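J.: I am sharing data37.pdb, which consists of PDB, C-alpha atoms:
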ATOM      1  CA  MET A 102      58.553  76.103  81.877
ATOM      2  CA  LEU A 103      56.538  73.179  80.596
ATOM      3  CA  PHE A 104      53.728  74.202  78.246
ATOM      4  CA  GLU A 105      51.681  71.118  79.138
ATOM      5  CA  PRO A 106      53.341  69.536  82.186
ATOM      6  CA  ARG A 107      53.055  65.781  82.581
ATOM      7  CA  SER A 108      52.078  66.399  86.198
ATOM      8  CA  GLY A 109      49.078  68.359  84.920
ATOM      9  CA  ARG A 110      47.891  65.507  82.718
ATOM     10  CA  LEU A 111      48.370  62.984  85.529
ATOM     11  CA  ALA A 112      46.503  65.126  88.053
ATOM     12  CA  ALA A 113      43.665  66.131  85.726
ATOM     13  CA  TRP A 114      42.874  62.667  84.378
ATOM     14  CA  GLY A 115      43.692  61.013  87.696
ATOM     15  CA  ASN A 116      41.121  63.262  89.360
ATOM     16  CA  ALA A 117      38.549  62.399  86.689
ATOM     17  CA  LEU A 118      39.200  58.702  87.256
ATOM     18  CA  LEU A 119      38.979  59.014  91.041
ATOM     19  CA  ALA A 120      35.665  60.847  90.626
ATOM     20  CA  GLY A 121      34.309  58.065  88.421
ATOM     21  CA  LEU A 122      33.991  60.312  85.364
ATOM     22  CA  VAL A 123      36.285  58.362  83.016
ATOM     23  CA  SER A 124      37.391  54.759  82.631
ATOM     24  CA  PRO A 125      40.888  53.599  83.631
ATOM     25  CA  ASP A 126      41.816  53.044  79.974
ATOM     26  CA  GLU A 127      40.710  56.554  78.971
ATOM     27  CA  ALA A 128      42.591  58.108  81.882
ATOM     28  CA  VAL A 129      45.831  56.235  81.164
ATOM     29  CA  LEU A 130      45.742  56.998  77.426
ATOM     30  CA  SER A 131      45.247  60.697  78.161
ATOM     31  CA  ILE A 132      48.016  60.791  80.780
ATOM     32  CA  VAL A 133      50.574  59.018  78.589
ATOM     33  CA  GLY A 134      49.767  61.173  75.560
ATOM     34  CA  GLU A 135      52.566  60.972  73.000
ATOM     35  CA  ASP A 136      54.981  59.247  75.389
ATOM     36  CA  ALA A 137      55.697  55.542  74.943
ATOM     37  CA  VAL A 138      55.034  54.367  78.491
ATOM     38  CA  HIS A 139      54.547  55.621  82.067
ATOM     39  CA  ARG A 140      55.326  53.531  85.144
ATOM     40  CA  VAL A 141      55.252  54.220  88.891
ATOM     41  CA  ALA A 142      58.117  53.135  91.156
ATOM     42  CA  GLY A 143      58.203  53.017  94.960
ATOM     43  CA  LEU A 144      54.462  52.664  95.441
ATOM     44  CA  PRO A 145      53.602  51.190  98.867
ATOM     45  CA  GLY A 146      52.700  47.527  98.556
ATOM     46  CA  GLU A 147      54.547  47.050  95.256
ATOM     47  CA  SER A 148      58.022  45.526  94.995
ATOM     48  CA  GLY A 149      58.899  47.205  91.702
ATOM     49  CA  PRO A 150      57.654  49.637  89.049
ATOM     50  CA  VAL A 151      54.061  49.102  87.928
ATOM     51  CA  GLY A 152      51.872  50.412  85.141
ATOM     52  CA  LEU A 153      49.629  53.442  85.535
ATOM     53  CA  THR A 154      46.389  51.469  85.659
ATOM     54  CA  LEU A 155      47.568  49.360  88.574
ATOM     55  CA  ALA A 156      49.216  52.364  90.247
ATOM     56  CA  LEU A 157      46.080  54.521  90.160
ATOM     57  CA  GLY A 158      44.030  51.651  91.537
ATOM     58  CA  ARG A 159      46.563  51.068  94.311
ATOM     59  CA  MET A 160      46.549  54.768  95.202
ATOM     60  CA  ARG A 161      42.764  54.722  95.499
ATOM     61  CA  ALA A 162      43.060  51.706  97.827
ATOM     62  CA  LEU A 163      45.606  53.639  99.905
ATOM     63  CA  GLY A 164      43.040  56.403 100.477
ATOM     64  CA  VAL A 165      43.927  58.867  97.724
ATOM     65  CA  THR A 166      40.878  60.975  96.861
ATOM     66  CA  GLY A 167      42.491  63.591  94.618
ATOM     67  CA  LEU A 168      45.696  64.814  93.021
ATOM     68  CA  ARG A 169      47.294  68.253  93.080
ATOM     69  CA  VAL A 170      50.029  69.711  90.859
ATOM     70  CA  ALA A 171      53.244  71.400  91.995
ATOM     71  CA  LEU A 172      55.375  73.439  89.568
ATOM     72  CA  PRO A 173      58.306  74.649  91.694
ATOM     73  CA  ALA A 174      61.166  76.865  90.538
ATOM     74  CA  PRO A 175      64.279  78.113  92.386
ATOM     75  CA  GLY A 176      63.076  80.345  95.210
ATOM     76  CA  HIS A 177      59.425  79.486  94.563
ATOM     77  CA  PRO A 178      58.217  76.131  95.992
ATOM     78  CA  LEU A 179      54.863  76.453  94.219
ATOM     79  CA  GLY A 180      52.466  73.706  95.294
ATOM     80  CA  LEU A 181      54.911  71.906  97.600
ATOM     81  CA  SER A 182      54.480  71.145 101.299
ATOM     82  CA  GLY A 183      57.651  69.190 102.137
ATOM     83  CA  PRO A 184      59.567  67.360 103.373
ATOM     84  CA  PRO A 185      62.864  68.764 102.018
ATOM     85  CA  GLU A 186      63.764  65.504 100.271
ATOM     86  CA  PHE A 187      60.582  65.516  98.201
ATOM     87  CA  ASN A 188      60.840  69.244  97.525
ATOM     88  CA  ALA A 189      64.398  68.801  96.213
ATOM     89  CA  ARG A 190      63.383  66.018  93.824
ATOM     90  CA  ALA A 191      60.387  68.038  92.626
ATOM     91  CA  LEU A 192      62.540  71.128  92.089
ATOM     92  CA  ASP A 193      65.009  69.126  89.999
ATOM     93  CA  ALA A 194      62.147  67.828  87.845
ATOM     94  CA  GLU A 195      60.391  71.240  87.889
ATOM     95  CA  GLU A 196      57.092  69.482  88.592
ATOM     96  CA  ALA A 197      55.370  66.939  90.829
ATOM     97  CA  VAL A 198      51.991  65.535  91.800
ATOM     98  CA  VAL A 199      50.871  65.520  95.447
ATOM     99  CA  ALA A 200      48.125  63.151  96.585
ATOM    100  CA  VAL A 201      45.141  64.164  98.701
ATOM    101  CA  GLY A 202      44.064  61.641 101.334
ATOM    102  CA  ALA A 203      47.431  59.895 101.613
ATOM    103  CA  ALA A 204      50.885  61.317 102.330
ATOM    104  CA  LEU A 205      52.300  60.458  98.909
ATOM    105  CA  GLY A 206      53.841  62.429  96.073
ATOM    106  CA  LEU A 207      54.981  61.557  92.562
ATOM    107  CA  VAL A 208      57.988  63.042  90.754
ATOM    108  CA  PRO A 209      58.613  62.207  87.079
ATOM    109  CA  GLU A 210      61.895  60.999  85.631
ATOM    110  CA  VAL A 211      61.905  61.269  81.830
ATOM    111  CA  SER A 212      64.112  59.063  79.643
ATOM    112  CA  GLU A 213      64.593  59.451  75.891
ATOM    113  CA  ALA A 214      66.118  57.003  73.437
ATOM    114  CA  GLY A 215      66.362  56.736  69.669
ATOM    115  CA  PRO A 216      67.377  58.971  66.760
ATOM    116  CA  ALA A 217      65.982  62.415  66.069
ATOM    117  CA  GLY A 218      62.471  62.149  64.698
ATOM    118  CA  ASP A 219      61.913  58.759  66.274
ATOM    119  CA  VAL A 220      62.524  59.406  69.964
ATOM    120  CA  HIS A 221      61.115  56.887  72.427
ATOM    121  CA  VAL A 222      60.050  58.678  75.633
ATOM    122  CA  SER A 223      59.416  56.747  78.835
ATOM    123  CA  VAL A 224      58.446  58.248  82.177
ATOM    124  CA  THR A 225      58.985  56.782  85.624
ATOM    125  CA  TRP A 226      57.008  58.415  88.423
ATOM    126  CA  HIS A 227      58.872  58.036  91.699
ATOM    127  CA  CYS A 228      56.491  57.731  94.650
ATOM    128  CA  LEU A 229      57.817  59.421  97.795
ATOM    129  CA  PRO A 230      56.412  60.420 101.206
ATOM    130  CA  VAL A 231      55.163  63.988 101.552
ATOM    131  CA  ARG A 232      54.116  66.183 104.442
ATOM    132  CA  GLU A 233      50.367  66.627 104.842
ATOM    133  CA  ALA A 234      50.130  70.409 104.891
ATOM    134  CA  PRO A 235      48.632  73.167 102.706
ATOM    135  CA  PRO A 236      50.555  73.575  99.420
ATOM    136  CA  ALA A 237      52.743  76.644  99.088
ATOM    137  CA  ASP A 238      51.566  79.793  97.270
ATOM    138  CA  VAL A 239      48.639  78.336  95.298
ATOM    139  CA  PRO A 240      46.038  81.010  94.437
ATOM    140  CA  SER A 241      42.329  80.575  93.856
ATOM    141  CA  LEU A 242      41.083  80.498  90.275
ATOM    142  CA  GLY A 243      39.756  84.027  90.599
ATOM    143  CA  GLU A 244      43.051  85.347  91.955
ATOM    144  CA  ALA A 245      45.008  83.530  89.246
ATOM    145  CA  GLU A 246      42.831  84.944  86.464
ATOM    146  CA  ARG A 247      43.159  88.520  87.737
ATOM    147  CA  GLU A 248      46.929  88.202  88.258
ATOM    148  CA  LEU A 249      47.405  86.729  84.791
ATOM    149  CA  ALA A 250      45.458  89.463  83.009
ATOM    150  CA  GLU A 251      47.325  92.224  84.853
ATOM    151  CA  ALA A 252      50.782  90.701  84.370
ATOM    152  CA  LEU A 253      50.120  90.072  80.692
ATOM    153  CA  ARG A 254      49.112  93.699  80.091
ATOM    154  CA  GLU A 255      52.181  95.054  81.850
ATOM    155  CA  ALA A 256      54.624  92.669  80.198
ATOM    156  CA  THR A 257      53.210  93.182  76.707
ATOM    157  CA  VAL A 258      53.929  96.903  76.913
ATOM    158  CA  VAL A 259      57.558  96.322  77.925
ATOM    159  CA  LEU A 260      58.243  93.421  75.556
ATOM    160  CA  THR A 261      56.707  95.193  72.570
ATOM    161  CA  ARG A 262      58.813  98.270  73.254
ATOM    162  CA  LEU A 263      61.932  96.080  73.399
ATOM    163  CA  ASP A 264      60.919  94.100  70.285
ATOM    164  CA  VAL A 265      61.038  90.754  72.086
ATOM    165  CA  ALA A 266      57.373  89.860  72.412
ATOM    166  CA  GLY A 267      57.800  86.781  70.236
ATOM    167  CA  SER A 268      58.057  87.761  66.576
ATOM    168  CA  GLY A 269      59.515  86.143  63.484
ATOM    169  CA  PRO A 270      58.721  82.927  61.593
ATOM    170  CA  VAL A 271      59.508  80.516  64.446
ATOM    171  CA  ALA A 272      57.311  82.395  66.878
ATOM    172  CA  GLY A 273      54.586  82.765  64.287
ATOM    173  CA  ALA A 274      54.568  79.053  63.538
ATOM    174  CA  ALA A 275      54.378  78.152  67.230
ATOM    175  CA  LEU A 276      51.509  80.552  67.875
ATOM    176  CA  SER A 277      49.667  79.312  64.774
ATOM    177  CA  ALA A 278      50.020  75.721  65.982
ATOM    178  CA  TYR A 279      48.669  76.746  69.387
ATOM    179  CA  ARG A 280      45.657  78.459  67.825
ATOM    180  CA  ALA A 281      44.963  75.448  65.593
ATOM    181  CA  ARG A 282      44.933  73.127  68.596
ATOM    182  CA  ALA A 283      42.607  75.466  70.481
ATOM    183  CA  GLU A 284      40.228  75.868  67.541
ATOM    184  CA  ALA A 285      40.136  72.097  67.047
ATOM    185  CA  GLY A 286      38.567  71.802  70.497
ATOM    186  CA  ARG A 287      41.492  70.080  72.179
ATOM    187  CA  ASP A 288      40.590  68.923  75.676
ATOM    188  CA  VAL A 289      42.689  71.160  77.904
ATOM    189  CA  LEU A 290      41.292  69.557  81.051
ATOM    190  CA  ALA A 291      39.600  66.317  81.969
ATOM    191  CA  PRO A 292      35.876  65.951  82.807
ATOM    192  CA  GLY A 293      34.866  67.334  86.188
ATOM    193  CA  TYR A 294      36.682  70.672  85.976
ATOM    194  CA  PRO A 295      34.762  73.968  86.162
ATOM    195  CA  PRO A 296      34.582  76.115  82.983
ATOM    196  CA  ARG A 297      36.607  78.850  84.656
ATOM    197  CA  ALA A 298      39.486  76.413  85.157
ATOM    198  CA  VAL A 299      39.495  75.632  81.436
ATOM    199  CA  ARG A 300      39.602  79.353  80.648
ATOM    200  CA  VAL A 301      42.403  80.066  83.132
ATOM    201  CA  LEU A 302      44.454  77.089  81.943
ATOM    202  CA  ALA A 303      44.144  78.058  78.284
ATOM    203  CA  LEU A 304      45.249  81.629  79.011
ATOM    204  CA  ALA A 305      48.101  80.481  81.235
ATOM    205  CA  GLN A 306      49.316  78.088  78.527
ATOM    206  CA  ARG A 307      49.233  80.846  75.919
ATOM    207  CA  VAL A 308      51.150  83.210  78.201
ATOM    208  CA  ASP A 309      53.628  80.427  78.982
ATOM    209  CA  LEU A 310      54.201  79.893  75.265
ATOM    210  CA  MET A 311      54.754  83.613  74.669
ATOM    211  CA  VAL A 312      57.298  83.792  77.509
ATOM    212  CA  SER A 313      59.133  80.742  76.175
ATOM    213  CA  LEU A 314      59.264  82.242  72.683
ATOM    214  CA  ALA A 315      60.574  85.525  74.054
ATOM    215  CA  TYR A 316      63.396  83.669  75.807
ATOM    216  CA  GLU A 317      64.196  81.418  72.843
ATOM    217  CA  ASN A 318      64.271  84.220  70.256
ATOM    218  CA  GLY A 319      67.429  85.706  71.679
ATOM    219  CA  HIS A 320      67.586  89.364  72.567
ATOM    220  CA  GLY A 321      65.446  90.670  69.710
ATOM    221  CA  GLY A 322      65.788  94.420  69.675
ATOM    222  CA  ALA A 323      67.036  94.491  73.285
ATOM    223  CA  VAL A 324      70.705  94.826  72.424
ATOM    224  CA  ALA A 325      71.750  97.214  75.180
ATOM    225  CA  ALA A 326      72.552  95.742  78.580
ATOM    226  CA  SER A 327      69.882  97.895  80.201
ATOM    227  CA  GLU A 328      67.267  96.717  77.694
ATOM    228  CA  MET A 329      68.255  93.071  78.195
ATOM    229  CA  ALA A 330      67.843  93.540  81.938
ATOM    230  CA  ALA A 331      64.449  95.175  81.436
ATOM    231  CA  ARG A 332      63.379  92.277  79.234
ATOM    232  CA  ALA A 333      64.346  89.706  81.851
ATOM    233  CA  GLU A 334      62.689  91.793  84.537
ATOM    234  CA  ALA A 335      59.468  91.908  82.512
ATOM    235  CA  LEU A 336      59.419  88.167  81.819
ATOM    236  CA  ARG A 337      60.211  86.946  85.332
ATOM    237  CA  PRO A 338      56.961  87.968  87.089
ATOM    238  CA  VAL A 339      54.840  86.908  84.099
ATOM    239  CA  GLU A 340      56.409  83.459  84.129
ATOM    240  CA  ARG A 341      55.780  83.179  87.870
ATOM    241  CA  VAL A 342      52.140  84.268  87.506
ATOM    242  CA  ALA A 343      51.599  81.826  84.618
ATOM    243  CA  ARG A 344      52.924  78.940  86.720
ATOM    244  CA  ARG A 345      50.633  79.943  89.602
ATOM    245  CA  ALA A 346      47.683  80.017  87.215
ATOM    246  CA  LEU A 347      48.521  76.598  85.779
ATOM    247  CA  VAL A 348      48.630  75.098  89.263
ATOM    248  CA  ALA A 349      45.375  76.811  90.279
ATOM    249  CA  ALA A 350      43.618  75.438  87.194
ATOM    250  CA  TYR A 351      44.861  71.863  87.566
ATOM    251  CA  ASN A 352      44.089  71.862  91.307
ATOM    252  CA  SER A 353      40.639  73.422  91.008
ATOM    253  CA  ALA A 354      38.743  70.117  90.848
ATOM    254  CA  VAL A 355      40.155  69.110  94.238
ATOM    255  CA  GLU A 356      39.619  72.585  95.690
ATOM    256  CA  GLU A 357      35.968  72.700  94.602
ATOM    257  CA  ARG A 358      35.292  69.233  95.951
ATOM    258  CA  GLU A 359      36.809  70.153  99.315
ATOM    259  CA  ARG A 360      34.788  73.400  99.488
ATOM    260  CA  GLY A 361      31.623  71.449  98.803
ATOM    261  CA  ARG A 362      32.052  69.159 101.795
TER     262      ARG A 362
END
Go ahead and express the file in the form of structure tokens.
T.:
Amino acid sequence: MLFEPRSGRLAAWGNALLAGLVSPDEAVLSIVGEDAVHRVAGLPGESGPVGLTLALGRMRALGVTGLRVALPAPGHPLGLSGPPEFNARALDAEEAVVAVGAALGLVPEVSEAGPAGDVHVSVTWHCLPVREAPPADVPSLGEAERELAEALREATVVLTRLDVAGSGPVAGAALSAYRARAEAGRDVLAPGYPPRAVRVLALAQRVDLMVSLAYENGHGGAVAASEMAARAEALRPVERVARRALVAAYNSAVEERERGR
């Protein structure tokens, strides 16, 4: 899974821009992050790919009032509402952004060029029609927080017993880097999000990192086939819950605004 999905950055800072809480330049810089450039292709009214500033302005003119995140996986169309063509593209990319107020969705295509250590990353967001319907399987912030805490407790017991909870120098370095970013006050969400969303997102990102490390560190002490199966069985629901929590956090600004109407 993506530790900080590009769809999350686009939705979070796009929502802040649409709410008038940040300037277009601030939103675009935050969305692009460490990538070289982001462009949007297939936007209604545009004959070719355009930059993010123009694209976000065009989407506002088309009636877009908010942006939601989708983080689908095989068998779990999290955050999607169709049609099948859009769902398939989003599943291939493992993420998408779905507009509120206009039947549009954005799916990223990431291109990399250059030698190791000097990779040039460009992203093209493909704009496609979507079905205006409730997104699939997205919990509330409260539900996501409770699910995450419970799944983390259960998985930690199993993974610790199997010696695959993310140990060793590589795991230690990754966790230290995560803590340093958190302690430095990194903005995990854009302005306009409730404090609970920030808390849920930070926990979901930490759980996501732990799951990724457990997968990447091989089998650890789980050398028997039965132990390997137990490890995979422990990770699968935690990964699913973490993705649900990420989506709930990124979508919370839109959900709160709609509840307040």
J.: Which range 171-194 of chain A residues have any atom within 9 Å of an atom of range 239-260 of chain A, and for each, what is the nearest pair of atoms with distance in Å to one decimal, counting only C-alpha atoms, rows sorted by chain and number, as CSV?
T.:
residue,atom,partner,partner_atom,distance
A:Ala171,CA,A:Val239,CA,9.0
A:Leu179,CA,A:Val239,CA,6.6
A:Gly180,CA,A:Val239,CA,6.0
J.: Write the residues you've just listed into a file as a PDB file, keeping the file's coordinate frame, and include C-alpha atoms for each of them.
T.:
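As written to disk, selection_29.pdb reads:
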ATOM      1  CA  ALA A 171      53.244  71.400  91.995  1.00  0.00           C
ATOM      2  CA  LEU A 179      54.863  76.453  94.219  1.00  0.00           C
ATOM      3  CA  GLY A 180      52.466  73.706  95.294  1.00  0.00           C
TER       4      GLY A 180
END
J.: Apply the PyMOL selection byres ((chain A and resi 342-358) around 8) to the structure shown and report the selected residues as a PyMOL selection string.
T.: chain A and resi 102+109+112-113+116+167-172+179-180+238-242+245-246+248-249+252+290+293-295+298-299+301-302+305-306+308-309+338-341+359-362
J.: Could you check which of A:Ser124, A:Thr225, A:Asn188, A:Ser327 is closest to Ala291 in chain A, using only C-alpha atoms?
T.: A:Ser124
J.: CA of Glu186 in chain A to CA of Val211 in chain A: how many Å, to one decimal?
T.: 19.0 Å
J.: Pick the closest to Ala194 in chain A from A:Pro106, A:Pro292, A:Gly134, A:Gly176: which is it, counting only C-alpha atoms?
T.: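 Once distances to Ala194 in chain A are computed over only C-alpha atoms, the minimum belongs to A:Pro106.
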J.: What is the CA of Leu229 in chain A-CA of Ala117 in chain A distance in Å, reported with one decimal?
T.: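 We find that CA of Leu229 in chain A and CA of Ala117 in chain A lie 22.4 Å from each other.
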J.: Give as number ranges by chain each residue that has an atom at most 10 Å from (54.6, 57.6, 77.3) in the file, counting all atoms listed in the file.
T.: A: 107, 129-140, 211-212, 221-225
J.: CA of Pro145 in chain A to CA of Pro209 in chain A: how many Å, to one decimal?
T.: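 If I compute the distance from CA of Pro145 in chain A to CA of Pro209 in chain A, I get 16.9 Å.
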J.: For a quick check of understanding, using only C-alpha atoms, which of A:Ala162, A:Ala142, A:Leu157, A:Ala234 has the smallest distance to Leu181 in chain A?
T.: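 Closest candidate: A:Ala234.
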J.: Atoms are missing here; could range 331-348 of chain A be completed with N, CA, C and O atoms and written as a short mmCIF file (atom, residue, chain, number, x, y, z; two decimals), in the coordinates of the input?
T.:
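File result-v1.cif, as written:
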data_model
loop_
_atom_site.label_atom_id
_atom_site.label_comp_id
_atom_site.auth_asym_id
_atom_site.auth_seq_id
_atom_site.Cartn_x
_atom_site.Cartn_y
_atom_site.Cartn_z
N ALA A 331 65.87 94.84 81.36
CA ALA A 331 64.45 95.18 81.44
C ALA A 331 63.60 94.04 80.88
O ALA A 331 62.52 93.74 81.39
N ARG A 332 64.09 93.41 79.82
CA ARG A 332 63.38 92.28 79.23
C ARG A 332 63.25 91.14 80.23
O ARG A 332 62.17 90.58 80.44
N ALA A 333 64.37 90.78 80.86
CA ALA A 333 64.35 89.71 81.85
C ALA A 333 63.45 90.07 83.03
O ALA A 333 62.71 89.23 83.55
N GLU A 334 63.50 91.33 83.42
CA GLU A 334 62.69 91.79 84.54
C GLU A 334 61.21 91.73 84.19
O GLU A 334 60.37 91.43 85.06
N ALA A 335 60.86 91.98 82.93
CA ALA A 335 59.47 91.91 82.51
C ALA A 335 58.97 90.47 82.44
O ALA A 335 57.83 90.18 82.76
N LEU A 336 59.84 89.55 81.99
CA LEU A 336 59.42 88.17 81.82
C LEU A 336 59.28 87.43 83.14
O LEU A 336 58.41 86.57 83.28
N ARG A 337 60.15 87.73 84.09
CA ARG A 337 60.21 86.95 85.33
C ARG A 337 58.86 86.91 86.06
O ARG A 337 58.37 85.82 86.40
N PRO A 338 58.24 88.04 86.36
CA PRO A 338 56.96 87.97 87.09
C PRO A 338 55.84 87.35 86.27
O PRO A 338 54.94 86.70 86.82
N VAL A 339 55.88 87.51 84.93
CA VAL A 339 54.84 86.91 84.10
C VAL A 339 54.96 85.40 84.14
O VAL A 339 53.96 84.67 84.23
N GLU A 340 56.18 84.90 84.06
CA GLU A 340 56.41 83.46 84.13
C GLU A 340 55.93 82.91 85.46
O GLU A 340 55.28 81.85 85.52
N ARG A 341 56.21 83.62 86.53
CA ARG A 341 55.78 83.18 87.87
C ARG A 341 54.25 83.14 87.97
O ARG A 341 53.67 82.18 88.47
N VAL A 342 53.60 84.20 87.46
CA VAL A 342 52.14 84.27 87.51
C VAL A 342 51.52 83.17 86.65
O VAL A 342 50.51 82.56 87.02
N ALA A 343 52.12 82.88 85.49
CA ALA A 343 51.60 81.83 84.62
C ALA A 343 51.69 80.47 85.31
O ALA A 343 50.76 79.66 85.22
N ARG A 344 52.79 80.21 86.00
CA ARG A 344 52.92 78.94 86.72
C ARG A 344 51.89 78.84 87.83
O ARG A 344 51.28 77.78 88.04
N ARG A 345 51.65 79.94 88.54
CA ARG A 345 50.63 79.94 89.60
C ARG A 345 49.25 79.66 89.02
O ARG A 345 48.45 78.92 89.60
N ALA A 346 48.98 80.23 87.84
CA ALA A 346 47.68 80.02 87.22
C ALA A 346 47.52 78.58 86.74
O ALA A 346 46.44 77.99 86.86
N LEU A 347 48.58 78.00 86.20
CA LEU A 347 48.52 76.60 85.78
C LEU A 347 48.19 75.70 86.96
O LEU A 347 47.31 74.82 86.87
N VAL A 348 48.87 75.92 88.07
CA VAL A 348 48.63 75.10 89.26
C VAL A 348 47.20 75.30 89.78
O VAL A 348 46.51 74.34 90.14
#
